[in-house]
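Undergrad: Following this line is input-v2.csv, made up of CSV, C-alpha atoms:
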```csv
chain,number,residue,atom,x,y,z
A,16,MET,CA,0.6,52.7,-52.2
A,17,ALA,CA,-2.9,53.0,-53.7
A,18,GLU,CA,-1.9,55.8,-56.0
A,19,HIS,CA,0.7,53.6,-57.7
A,20,LEU,CA,-1.8,51.0,-58.7
A,21,GLU,CA,-3.6,50.8,-62.0
A,22,SER,CA,-7.4,51.4,-62.0
A,23,VAL,CA,-9.8,48.9,-60.5
A,24,LEU,CA,-12.3,47.9,-63.2
A,25,ILE,CA,-15.8,47.6,-61.7
A,26,LEU,CA,-18.1,45.7,-64.1
A,27,GLY,CA,-21.6,46.8,-63.2
A,28,GLY,CA,-20.2,49.9,-61.5
A,29,THR,CA,-23.4,51.8,-62.1
A,30,GLY,CA,-25.6,49.3,-60.2
A,31,GLN,CA,-26.4,49.5,-56.6
A,32,ALA,CA,-23.7,47.2,-55.3
A,33,GLY,CA,-21.0,48.5,-57.7
A,34,THR,CA,-21.7,52.2,-57.0
A,35,ALA,CA,-21.8,51.7,-53.2
A,36,ALA,CA,-18.6,49.6,-53.2
A,37,ALA,CA,-16.8,52.2,-55.3
A,38,ALA,CA,-17.9,54.9,-52.8
A,39,LEU,CA,-16.4,52.9,-49.9
A,40,LEU,CA,-13.2,52.3,-51.8
A,41,ARG,CA,-12.9,56.0,-52.5
A,42,GLN,CA,-13.5,56.7,-48.8
A,43,TRP,CA,-10.9,54.2,-47.6
A,44,HIS,CA,-8.3,54.8,-50.2
A,45,PRO,CA,-8.8,58.3,-51.7
A,46,LYS,CA,-6.0,57.9,-54.3
A,47,LEU,CA,-7.0,54.5,-55.6
A,48,PRO,CA,-7.9,54.8,-59.3
A,49,LEU,CA,-11.3,53.4,-60.2
A,50,THR,CA,-13.0,52.6,-63.6
A,51,ILE,CA,-16.8,52.6,-63.5
A,52,ALA,CA,-17.9,50.2,-66.3
A,53,GLY,CA,-21.5,50.0,-67.5
A,54,ARG,CA,-23.7,49.9,-70.6
A,55,ASP,CA,-24.8,53.5,-70.2
A,56,ILE,CA,-21.7,55.8,-70.6
A,57,ASP,CA,-23.6,58.8,-69.3
A,58,ARG,CA,-24.6,57.1,-66.1
A,59,ALA,CA,-21.1,55.7,-65.7
A,60,GLN,CA,-19.7,59.1,-66.1
A,61,ARG,CA,-22.0,60.6,-63.5
A,62,VAL,CA,-20.9,58.0,-61.0
A,63,ALA,CA,-17.2,58.6,-61.9
A,64,ASP,CA,-17.6,62.3,-61.5
A,65,GLU,CA,-19.1,62.0,-58.1
A,66,LEU,CA,-16.3,59.7,-56.9
A,67,GLY,CA,-13.4,61.7,-58.3
A,68,ALA,CA,-10.1,60.1,-59.4
A,69,ALA,CA,-12.3,57.8,-61.5
A,70,THR,CA,-12.9,57.1,-65.2
A,71,ALA,CA,-16.0,55.8,-67.0
A,72,THR,CA,-16.2,53.3,-69.8
A,73,THR,CA,-18.8,51.1,-71.5
A,74,ILE,CA,-18.5,47.4,-71.5
A,75,ASP,CA,-19.9,44.5,-73.6
A,76,LEU,CA,-20.0,41.3,-71.6
A,77,ARG,CA,-20.6,39.4,-74.8
A,78,ARG,CA,-17.1,40.1,-76.0
A,79,GLY,CA,-13.9,38.5,-74.7
A,80,ASP,CA,-12.2,41.9,-74.6
A,81,LEU,CA,-15.2,43.3,-72.8
A,82,GLY,CA,-15.4,46.0,-75.5
A,83,LEU,CA,-12.7,48.0,-73.7
A,84,PRO,CA,-10.4,50.3,-75.6
A,85,PRO,CA,-7.0,48.6,-76.4
A,86,GLY,CA,-4.2,49.6,-74.1
A,87,ARG,CA,-6.2,50.1,-71.0
A,88,ARG,CA,-4.4,48.8,-67.8
A,89,HIS,CA,-6.1,47.7,-64.6
A,90,SER,CA,-5.1,46.3,-61.2
A,91,ALA,CA,-8.2,44.2,-60.6
A,92,VAL,CA,-11.6,43.2,-62.0
A,93,VAL,CA,-14.7,43.3,-59.9
A,94,ALA,CA,-17.9,41.6,-61.3
A,95,ALA,CA,-20.6,43.4,-59.4
A,96,LEU,CA,-23.1,41.7,-61.7
A,97,TRP,CA,-23.4,38.2,-63.1
A,98,ASP,CA,-20.5,37.5,-65.4
A,99,ASP,CA,-22.6,35.0,-67.3
A,100,ARG,CA,-20.1,34.3,-70.1
A,101,LEU,CA,-17.1,34.5,-67.8
A,102,HIS,CA,-15.5,37.1,-70.1
A,103,GLY,CA,-14.7,39.3,-67.1
A,104,LEU,CA,-12.9,36.3,-65.4
A,105,ARG,CA,-11.1,35.3,-68.5
A,106,TYR,CA,-10.0,38.9,-69.1
A,107,ALA,CA,-8.6,39.0,-65.6
A,108,GLN,CA,-6.8,35.7,-66.1
A,109,ARG,CA,-5.3,36.9,-69.5
A,110,HIS,CA,-3.9,40.0,-67.8
A,111,GLY,CA,-2.9,38.3,-64.5
A,112,LEU,CA,-5.4,40.4,-62.5
A,113,PRO,CA,-7.2,39.6,-59.2
A,114,TYR,CA,-10.9,38.9,-59.8
A,115,LEU,CA,-13.9,39.2,-57.5
A,116,SER,CA,-17.4,38.0,-58.2
A,117,ILE,CA,-20.6,38.2,-56.1
A,118,SER,CA,-23.5,37.0,-58.2
A,119,SER,CA,-22.8,33.4,-59.2
A,120,GLY,CA,-24.3,31.7,-56.2
A,121,LEU,CA,-23.7,28.2,-54.9
A,122,VAL,CA,-25.5,26.6,-57.7
A,123,ASP,CA,-23.5,28.2,-60.5
A,124,ILE,CA,-20.0,28.8,-59.3
A,125,ALA,CA,-18.7,25.6,-61.0
A,126,PRO,CA,-17.6,27.4,-64.2
A,127,GLU,CA,-15.6,29.9,-62.1
A,128,VAL,CA,-14.0,27.1,-60.2
A,129,VAL,CA,-13.1,25.1,-63.3
A,130,ALA,CA,-11.8,28.2,-65.0
A,131,GLY,CA,-9.6,28.9,-62.0
A,132,ALA,CA,-8.3,25.4,-61.8
A,133,ARG,CA,-7.4,25.3,-65.5
A,134,ARG,CA,-5.2,28.4,-65.1
A,135,GLU,CA,-4.5,28.2,-61.4
A,136,ASN,CA,-1.2,30.2,-61.5
A,137,THR,CA,-2.5,33.2,-63.4
A,138,ALA,CA,-4.5,35.3,-60.8
A,139,PRO,CA,-6.3,35.1,-57.5
A,140,ILE,CA,-10.1,34.6,-57.8
A,141,LEU,CA,-12.2,35.7,-54.8
A,142,VAL,CA,-15.5,33.8,-55.0
A,143,ALA,CA,-17.7,36.1,-52.8
A,144,SER,CA,-21.2,35.0,-53.9
A,145,HIS,CA,-22.2,34.6,-50.3
A,146,TYR,CA,-25.0,36.6,-48.6
A,147,CYS,CA,-24.0,40.3,-48.8
A,148,ALA,CA,-20.6,39.4,-50.3
A,149,GLY,CA,-19.4,37.4,-47.3
A,150,THR,CA,-20.1,39.9,-44.5
A,151,VAL,CA,-22.5,37.6,-42.7
A,152,VAL,CA,-20.0,34.7,-42.7
A,153,LEU,CA,-17.4,37.1,-41.3
A,154,ALA,CA,-19.8,38.4,-38.7
A,155,ALA,CA,-20.6,34.8,-37.6
A,156,LEU,CA,-16.9,33.9,-37.4
A,157,HIS,CA,-16.3,36.9,-35.2
A,158,SER,CA,-19.1,35.8,-32.9
A,159,ALA,CA,-17.5,32.4,-32.8
A,160,ARG,CA,-14.1,33.6,-31.5
A,161,HIS,CA,-14.9,32.8,-27.8
A,162,PHE,CA,-16.0,29.2,-28.5
A,163,ASP,CA,-13.8,26.2,-28.0
A,164,ARG,CA,-16.1,24.0,-30.0
A,165,ILE,CA,-19.1,24.9,-32.2
A,166,ASP,CA,-21.9,22.4,-32.6
A,167,THR,CA,-24.6,24.4,-34.4
A,168,ILE,CA,-24.7,27.5,-36.5
A,169,ARG,CA,-28.0,28.9,-37.7
A,170,ILE,CA,-28.3,32.0,-39.9
A,171,SER,CA,-31.7,33.5,-40.3
A,172,ALA,CA,-32.0,36.3,-42.9
A,173,ILE,CA,-34.9,38.5,-43.9
A,174,LEU,CA,-34.6,40.4,-47.2
A,175,ASP,CA,-37.2,43.1,-47.7
A,176,GLU,CA,-39.1,42.6,-50.9
A,177,LEU,CA,-38.3,46.2,-51.8
A,178,ASP,CA,-34.6,45.7,-51.2
A,179,THR,CA,-33.5,43.2,-53.8
A,180,GLY,CA,-30.8,45.4,-55.2
A,181,GLY,CA,-32.2,46.7,-58.4
A,182,PRO,CA,-32.8,44.8,-61.7
A,183,ALA,CA,-29.6,42.8,-61.5
A,184,GLY,CA,-30.2,41.7,-57.9
A,185,ALA,CA,-33.8,40.7,-58.8
A,186,ALA,CA,-32.5,38.7,-61.8
A,187,ASP,CA,-30.0,36.9,-59.5
A,188,LEU,CA,-32.8,35.9,-57.1
A,189,GLN,CA,-34.9,34.6,-60.0
A,190,ARG,CA,-32.0,32.6,-61.4
A,191,TRP,CA,-31.1,31.0,-58.1
A,192,SER,CA,-34.7,30.1,-57.4
A,193,THR,CA,-35.0,28.6,-60.9
A,194,ALA,CA,-31.8,26.5,-60.5
A,195,THR,CA,-33.0,24.8,-57.3
A,196,THR,CA,-35.8,25.0,-54.8
A,197,ALA,CA,-33.8,22.8,-52.4
A,198,GLY,CA,-31.8,24.0,-49.4
A,199,LEU,CA,-28.3,22.9,-48.5
A,200,LEU,CA,-27.5,22.3,-44.8
A,201,ARG,CA,-25.0,20.4,-42.8
A,202,ARG,CA,-26.5,17.9,-40.5
A,203,ASP,CA,-24.5,15.7,-38.2
A,204,GLY,CA,-21.4,16.5,-40.3
A,205,VAL,CA,-23.0,15.7,-43.7
A,206,LEU,CA,-23.8,18.3,-46.3
A,207,THR,CA,-27.4,17.4,-47.1
A,208,TRP,CA,-30.0,18.7,-49.6
A,209,VAL,CA,-33.5,19.3,-48.2
A,210,ASN,CA,-36.7,20.1,-50.1
A,211,GLY,CA,-40.4,20.6,-49.5
A,212,PRO,CA,-41.6,20.6,-45.9
A,213,ASP,CA,-38.1,19.7,-44.7
A,214,ALA,CA,-36.8,23.0,-46.1
A,215,GLN,CA,-39.7,25.2,-44.9
A,216,VAL,CA,-39.2,27.2,-41.7
A,217,ASP,CA,-40.5,30.4,-40.1
A,218,VAL,CA,-37.9,33.2,-39.8
A,219,ARG,CA,-38.3,35.5,-36.9
A,220,SER,CA,-37.7,39.2,-37.3
A,221,ILE,CA,-36.0,41.3,-34.7
A,222,ASP,CA,-39.4,42.7,-33.7
A,223,GLY,CA,-40.8,39.2,-33.1
A,224,THR,CA,-42.7,38.9,-36.3
A,225,ASP,CA,-42.5,35.4,-38.0
A,226,LEU,CA,-42.1,35.3,-41.8
A,227,PRO,CA,-42.5,32.1,-43.9
A,228,GLY,CA,-39.1,31.1,-45.3
A,229,GLN,CA,-37.0,28.1,-46.1
A,230,SER,CA,-33.4,26.8,-45.9
A,231,ILE,CA,-31.6,27.8,-49.1
A,232,ALA,CA,-28.6,26.7,-51.1
A,233,ILE,CA,-25.9,29.3,-50.3
A,234,LEU,CA,-22.2,29.4,-50.1
A,235,ASP,CA,-22.4,30.6,-46.4
A,236,VAL,CA,-23.2,27.0,-45.4
A,237,PRO,CA,-20.1,25.2,-46.6
A,238,SER,CA,-17.9,28.3,-45.8
A,239,LEU,CA,-19.1,28.3,-42.1
A,240,ALA,CA,-19.1,24.5,-41.9
A,241,LEU,CA,-15.5,24.1,-43.0
A,242,ALA,CA,-14.2,27.2,-41.2
A,243,THR,CA,-15.6,26.1,-37.8
A,244,ASP,CA,-16.0,22.3,-38.2
A,245,ALA,CA,-19.5,22.7,-36.8
A,246,PRO,CA,-21.5,19.5,-37.7
A,247,ASN,CA,-24.8,21.4,-38.0
A,248,VAL,CA,-25.1,24.5,-40.1
A,249,ARG,CA,-28.1,26.0,-41.9
A,250,PHE,CA,-29.1,29.2,-43.5
A,251,ASP,CA,-32.8,30.1,-43.4
A,252,PHE,CA,-34.1,32.9,-45.6
A,253,ALA,CA,-37.4,34.8,-46.0
A,254,VAL,CA,-38.5,37.6,-48.3
A,255,GLY,CA,-41.1,40.0,-47.0
A,256,GLU,CA,-41.7,43.2,-45.1
A,257,SER,CA,-38.7,44.1,-42.9
A,258,ALA,CA,-38.9,45.4,-39.3
A,259,GLY,CA,-37.9,48.8,-40.6
A,260,ARG,CA,-40.9,49.1,-43.0
A,261,ARG,CA,-43.3,47.8,-40.3
A,262,ARG,CA,-42.1,50.8,-38.3
A,263,GLY,CA,-42.9,53.1,-41.2
A,264,GLU,CA,-39.2,53.5,-42.1
A,265,PRO,CA,-37.2,52.5,-45.1
A,266,ALA,CA,-36.5,48.8,-45.8
A,267,SER,CA,-34.0,47.5,-43.2
A,268,PHE,CA,-31.5,44.7,-43.2
A,269,GLU,CA,-31.6,42.0,-40.6
A,270,VAL,CA,-29.8,38.7,-40.0
A,271,ARG,CA,-29.9,36.6,-36.9
A,272,ILE,CA,-26.8,34.6,-36.0
A,273,ASP,CA,-27.3,31.7,-33.5
A,274,LEU,CA,-24.3,29.7,-32.3
A,275,GLU,CA,-24.2,26.7,-29.9
A,276,GLY,CA,-21.2,24.8,-28.5
A,277,THR,CA,-18.8,24.9,-25.6
A,278,ASP,CA,-16.6,27.6,-24.1
A,279,ARG,CA,-12.9,27.4,-23.4
A,280,GLY,CA,-13.6,25.7,-20.1
A,281,GLY,CA,-15.7,23.0,-21.8
A,282,ALA,CA,-19.1,24.3,-20.5
A,283,PRO,CA,-22.1,24.5,-22.9
A,284,THR,CA,-22.6,28.0,-24.2
A,285,SER,CA,-24.6,29.8,-26.9
A,286,THR,CA,-24.9,33.2,-28.4
A,287,SER,CA,-27.7,34.9,-30.4
A,288,ARG,CA,-27.2,38.2,-32.1
A,289,HIS,CA,-28.9,40.3,-34.8
A,290,LEU,CA,-26.8,42.0,-37.4
A,291,VAL,CA,-29.0,45.0,-38.6
A,292,HIS,CA,-28.7,48.0,-40.8
A,293,PRO,CA,-31.4,50.7,-41.2
A,294,ALA,CA,-30.6,51.2,-44.9
A,295,GLY,CA,-31.0,47.6,-46.1
A,296,GLN,CA,-28.6,45.2,-47.6
A,297,ARG,CA,-26.7,47.5,-49.9
A,298,PRO,CA,-24.2,48.9,-47.3
A,299,LEU,CA,-23.3,45.4,-46.2
A,300,THR,CA,-22.9,44.1,-49.7
A,301,ALA,CA,-20.7,47.1,-50.6
A,302,THR,CA,-18.6,46.5,-47.5
A,303,GLY,CA,-18.0,42.9,-48.5
A,304,ILE,CA,-16.9,43.9,-52.0
A,305,ALA,CA,-14.7,46.7,-50.8
A,306,LEU,CA,-13.0,44.5,-48.2
A,307,GLY,CA,-12.3,41.9,-50.9
A,308,VAL,CA,-10.8,44.4,-53.3
A,309,GLU,CA,-8.7,46.0,-50.6
A,310,ARG,CA,-7.3,42.6,-49.7
A,311,LEU,CA,-6.7,41.4,-53.3
A,312,LEU,CA,-4.7,44.6,-54.1
A,313,GLY,CA,-2.5,44.1,-51.0
A,314,LEU,CA,-3.7,47.4,-49.5
A,315,ARG,CA,-4.2,45.4,-46.3
A,316,GLY,CA,-2.4,42.2,-45.5
A,317,ASP,CA,0.1,40.2,-47.6
A,318,ALA,CA,-0.1,39.7,-51.3
A,319,VAL,CA,-2.8,37.2,-52.3
A,320,THR,CA,-1.5,34.1,-54.1
A,321,PRO,CA,-3.2,32.9,-57.4
A,322,GLY,CA,-6.0,30.4,-57.0
A,323,ILE,CA,-9.5,30.2,-55.7
A,324,HIS,CA,-10.3,32.0,-52.5
A,325,THR,CA,-13.4,32.8,-50.3
A,326,PRO,CA,-14.0,35.7,-48.0
A,327,GLU,CA,-13.2,33.8,-44.8
A,328,SER,CA,-10.0,32.5,-46.2
A,329,LEU,CA,-8.6,36.0,-46.8
A,330,LEU,CA,-10.3,38.5,-44.5
A,331,ASP,CA,-10.0,39.1,-40.7
A,332,PRO,CA,-13.4,38.9,-39.1
A,333,ALA,CA,-12.6,41.5,-36.4
A,334,TYR,CA,-11.5,44.0,-39.1
A,335,ALA,CA,-14.5,43.2,-41.2
A,336,VAL,CA,-16.9,43.8,-38.3
A,337,LYS,CA,-15.1,47.1,-37.6
A,338,ARG,CA,-15.8,48.2,-41.2
A,339,MET,CA,-19.4,47.0,-41.0
A,340,ARG,CA,-20.0,49.2,-37.9
A,341,GLU,CA,-18.4,52.1,-39.7
A,342,ALA,CA,-20.8,51.6,-42.5
A,343,GLY,CA,-23.8,51.9,-40.1
A,344,ALA,CA,-24.4,48.3,-39.1
A,345,ALA,CA,-25.2,47.3,-35.6
A,346,PHE,CA,-25.0,44.1,-33.6
A,347,ILE,CA,-27.8,43.5,-31.1
A,348,ASP,CA,-28.1,40.7,-28.6
A,349,ALA,CA,-31.1,38.5,-29.1
A,350,PRO,CA,-33.0,36.3,-26.7
A,351,GLY,CA,-32.0,32.6,-27.0
A,352,ASP,CA,-35.3,31.6,-28.4
A,353,SER,CA,-34.2,29.7,-31.5
```
Just give me the structure of the file as structure tokens.
TA:
Amino acid sequence: MAEHLESVLILGGTGQAGTAAAALLRQWHPKLPLTIAGRDIDRAQRVADELGAATATTIDLRRGDLGLPPGRRHSAVVAALWDDRLHGLRYAQRHGLPYLSISSGLVDIAPEVVAGARRENTAPILVASHYCAGTVVLAALHSARHFDRIDTIRISAILDELDTGGPAGAADLQRWSTATTAGLLRRDGVLTWVNGPDAQVDVRSIDGTDLPGQSIAILDVPSLALATDAPNVRFDFAVGESAGRRRGEPASFEVRIDLEGTDRGGAPTSTSRHLVHPAGQRPLTATGIALGVERLLGLRGDAVTPGIHTPESLLDPAYAVKRMREAGAAFIDAPGDS
């Protein structure tokens, strides 16, 4: 089926996330056409040549037509960078194409939501500006499958300071921190903003090292809260040296997922697991993007209807975890010391 689709247009396809996602899509669907779009045509061509069955093009995000040659046809648009003028989204809507974004963040998804509401019947929009493009949410939901009721979800993430994802990723972090220093959490069923000392927290690494961090405003919080009805949800985040680098290895990825609630028999239960990857956040982010594209194109599952979607509304957590493991991620039980 993939060979009968038009090319997937990957905006920012020469960046870390875009390149890695394209490589996964090529691995999963060898005949799926891809278009690697970037500002540097030589770099885009190198990526396309390495992938095979891919083309390269330049883009200009300041233009409504993205600076693309007329007559080009695509099956989907992926914004693997911040679509600051929403020209990628509007291009997708004009052509009735599925659209996926990963860089807007909780504090600046409003334009995407409004644009989607204004033309709700034109195309599906996957808002995947969660941590690592929704993979952490899906991992948490997979861990939640044995619970009857979930009372508390706590995500604790450490991002290595050398693993921010290149210039675009670093710019995203700067923009989000400028937009708000407050954290968003759900407390006793109420989505609540916290700041200052109330937001500050130590984040414990898998090797027992504590890093100073804080609760942040991220889409994972409302996604998990509404998907599970858990009255208490928080996402704590620290930037610093990862456990991998402390061992003298490359920067590693680590997220701790703590769940508390009751089991099917009504007894109190809890789980604590680390989601880790020795190669940092890039493989998990790429997996999230590739899963979203695969689903939007109908290469797995039913056709996606027009409107606003989030990763957990479209993707099967068990399948997502399978793909994460294939990409080199591991799940390690943690002591219940949260």
Undergrad: Could you check how far atom CA of A:Tyr114 sits from atom CA of A:Ala242, in Å to one decimal?
TA: 22.2 Å
Undergrad: Smallest atom-to-atom distance to A:Ala282: which of A:Ala159, A:Leu206, A:Ile165, A:Leu101, using all atoms listed in the file?
TA: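 Closest residue, counting all atoms listed in the file: A:Ile165.
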Undergrad: Might you pull out every residue within 7 Å of A:Leu234, with only C-alpha atoms counted and same-chain residues fewer than 5 positions away left off, and present them as a PyMOL selection string?
TA: chain A and resi 120-121+144-145
Undergrad: For the residues in that selection, give me C-alpha atoms as a PDB file, keeping the file's coordinate frame.
TA:
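Saved the output as result-v2.pdb:
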```pdb
ATOM      1  CA  GLY A 120     -24.300  31.700 -56.200  1.00  0.00           C
ATOM      2  CA  LEU A 121     -23.700  28.200 -54.900  1.00  0.00           C
ATOM      3  CA  SER A 144     -21.200  35.000 -53.900  1.00  0.00           C
ATOM      4  CA  HIS A 145     -22.200  34.600 -50.300  1.00  0.00           C
TER       5      HIS A 145
END
```
Undergrad: Compare A:Ile304, A:Ile117, A:Leu174, A:Ala69 by their minimum atom-to-atom distance to A:Met339, counting all atoms listed in the file, and give me the closest one.
TA: A:Ile304
Undergrad: Atom CA of A:Ala95 and atom CA of A:Ser116 are how many Å apart?
TA: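 Atom-to-atom, atom CA of A:Ala95 and atom CA of A:Ser116 are spaced 6.4 Å apart.
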Undergrad: Go ahead and compute the interatomic distance for atom CA of A:Ile221 and atom CA of A:His157, in Å to one decimal.
TA: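 Taking atom CA of A:Ile221 and atom CA of A:His157, their separation equals 20.2 Å.
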Undergrad: Find the residues near A:Pro113: any atom within 6 Å, counting only C-alpha atoms, skip ones fewer than 6 places away on the same chain, and give them as a VMD selection string.
TA: chain A and resid 91 138 to 140
Undergrad: Grab the residues selected above and save them as a short mmCIF file (atom, residue, chain, number, x, y, z; two decimals), in the coordinates of the input with C-alpha atoms.
TA:
```cif
data_model
loop_
_atom_site.label_atom_id
_atom_site.label_comp_id
_atom_site.auth_asym_id
_atom_site.auth_seq_id
_atom_site.Cartn_x
_atom_site.Cartn_y
_atom_site.Cartn_z
CA ALA A 91 -8.20 44.20 -60.60
CA ALA A 138 -4.50 35.30 -60.80
CA PRO A 139 -6.30 35.10 -57.50
CA ILE A 140 -10.10 34.60 -57.80
#
```
Undergrad: A:Val152, A:Leu96, A:Leu20, A:Val308: which is nearest A:Ala186, counting only C-alpha atoms?
TA: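 Closest to A:Ala186, using only C-alpha atoms: A:Leu96.
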Undergrad: So which one's closest to A:Val93, A:Leu199, A:Ala301, A:Glu135, A:Asp278? Using only C-alpha atoms, please.
TA: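 Using only C-alpha atoms, A:Val93 sits closest to A:Ala301.
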Undergrad: Using all atoms listed in the file, which residues sit within 10 Å of A:His161 once same-chain residues fewer than 5 positions away are excluded, as a PyMOL selection string?
TA: chain A and resi 156+277-279+284
Undergrad: Please work out which residues fall within 12 Å of (-7.8, 58.2, -60.8), coordinates as given in the file, with all atoms listed in the file counting, and return them as a list in words.
TA: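 It turns out the residues near that spot are Ala17, Glu18, His19, Leu20, Glu21, Ser22, Val23, Leu24, Arg41, His44, Pro45, Lys46, Leu47, Pro48, Leu49, Thr50, Ile51, Ala63, Asp64, Leu66, Gly67, Ala68, Ala69, Thr70, Ala71 and His89 of chain A.
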Undergrad: Could you please give me, as a ChimeraX atom specification, the residues of protein, DNA or RNA lying at most 10 Å from (-26.1, 33.2, -36.8) in the coordinate frame of the file, considering only C-alpha atoms?
TA: /A:151-152,154-156,158-159,167-172,248-251,270-275,286-290
Undergrad: Would you save the residues of that selection, restricted to C-alpha atoms, as a JSON list (two decimals), keeping the file's coordinate frame?
TA:
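So part07.json came out as:
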```json
[["chain", "number", "residue", "atom", "x", "y", "z"],
["A", 151, "VAL", "CA", -22.50, 37.60, -42.70],
["A", 152, "VAL", "CA", -20.00, 34.70, -42.70],
["A", 154, "ALA", "CA", -19.80, 38.40, -38.70],
["A", 155, "ALA", "CA", -20.60, 34.80, -37.60],
["A", 156, "LEU", "CA", -16.90, 33.90, -37.40],
["A", 158, "SER", "CA", -19.10, 35.80, -32.90],
["A", 159, "ALA", "CA", -17.50, 32.40, -32.80],
["A", 167, "THR", "CA", -24.60, 24.40, -34.40],
["A", 168, "ILE", "CA", -24.70, 27.50, -36.50],
["A", 169, "ARG", "CA", -28.00, 28.90, -37.70],
["A", 170, "ILE", "CA", -28.30, 32.00, -39.90],
["A", 171, "SER", "CA", -31.70, 33.50, -40.30],
["A", 172, "ALA", "CA", -32.00, 36.30, -42.90],
["A", 248, "VAL", "CA", -25.10, 24.50, -40.10],
["A", 249, "ARG", "CA", -28.10, 26.00, -41.90],
["A", 250, "PHE", "CA", -29.10, 29.20, -43.50],
["A", 251, "ASP", "CA", -32.80, 30.10, -43.40],
["A", 270, "VAL", "CA", -29.80, 38.70, -40.00],
["A", 271, "ARG", "CA", -29.90, 36.60, -36.90],
["A", 272, "ILE", "CA", -26.80, 34.60, -36.00],
["A", 273, "ASP", "CA", -27.30, 31.70, -33.50],
["A", 274, "LEU", "CA", -24.30, 29.70, -32.30],
["A", 275, "GLU", "CA", -24.20, 26.70, -29.90],
["A", 286, "THR", "CA", -24.90, 33.20, -28.40],
["A", 287, "SER", "CA", -27.70, 34.90, -30.40],
["A", 288, "ARG", "CA", -27.20, 38.20, -32.10],
["A", 289, "HIS", "CA", -28.90, 40.30, -34.80],
["A", 290, "LEU", "CA", -26.80, 42.00, -37.40]]
```
Undergrad: Considering all atoms listed in the file, can you say which of A:Leu76, A:Ala185, A:Val291, A:Val236 comes closest to A:Phe346?
TA: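 Checking each of A:Leu76, A:Ala185, A:Val291, A:Val236 against A:Phe346, counting all atoms listed in the file, the winner is A:Val291.
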Undergrad: Using all atoms listed in the file, which residue out of A:Leu306, A:Leu241, A:Ile323, A:Leu299 lies closest to A:Val128?
TA: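 Comparing A:Leu306, A:Leu241, A:Ile323, A:Leu299 against A:Val128, the winner is A:Ile323.
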Undergrad: Just the residues within 9 Å of A:Gly204, please, counting all atoms listed in the file, with nothing from its chain fewer than 6 positions along; format it as a PDB file with C-alpha atoms, in the frame of the given file.
TA:
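The new file out_4.pdb reads:
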```pdb
ATOM      1  CA  ALA A 240     -19.100  24.500 -41.900  1.00  0.00           C
ATOM      2  CA  ASP A 244     -16.000  22.300 -38.200  1.00  0.00           C
ATOM      3  CA  ALA A 245     -19.500  22.700 -36.800  1.00  0.00           C
ATOM      4  CA  PRO A 246     -21.500  19.500 -37.700  1.00  0.00           C
ATOM      5  CA  ASN A 247     -24.800  21.400 -38.000  1.00  0.00           C
ATOM      6  CA  VAL A 248     -25.100  24.500 -40.100  1.00  0.00           C
TER       7      VAL A 248
END
```
Undergrad: Please provide as a ChimeraX atom specification all residues within 8 Å of A:Gly343, with the sequence filter that same-chain residues fewer than 3 positions apart are discarded (counting only C-alpha atoms).
TA: /A:292-293,298,339-340
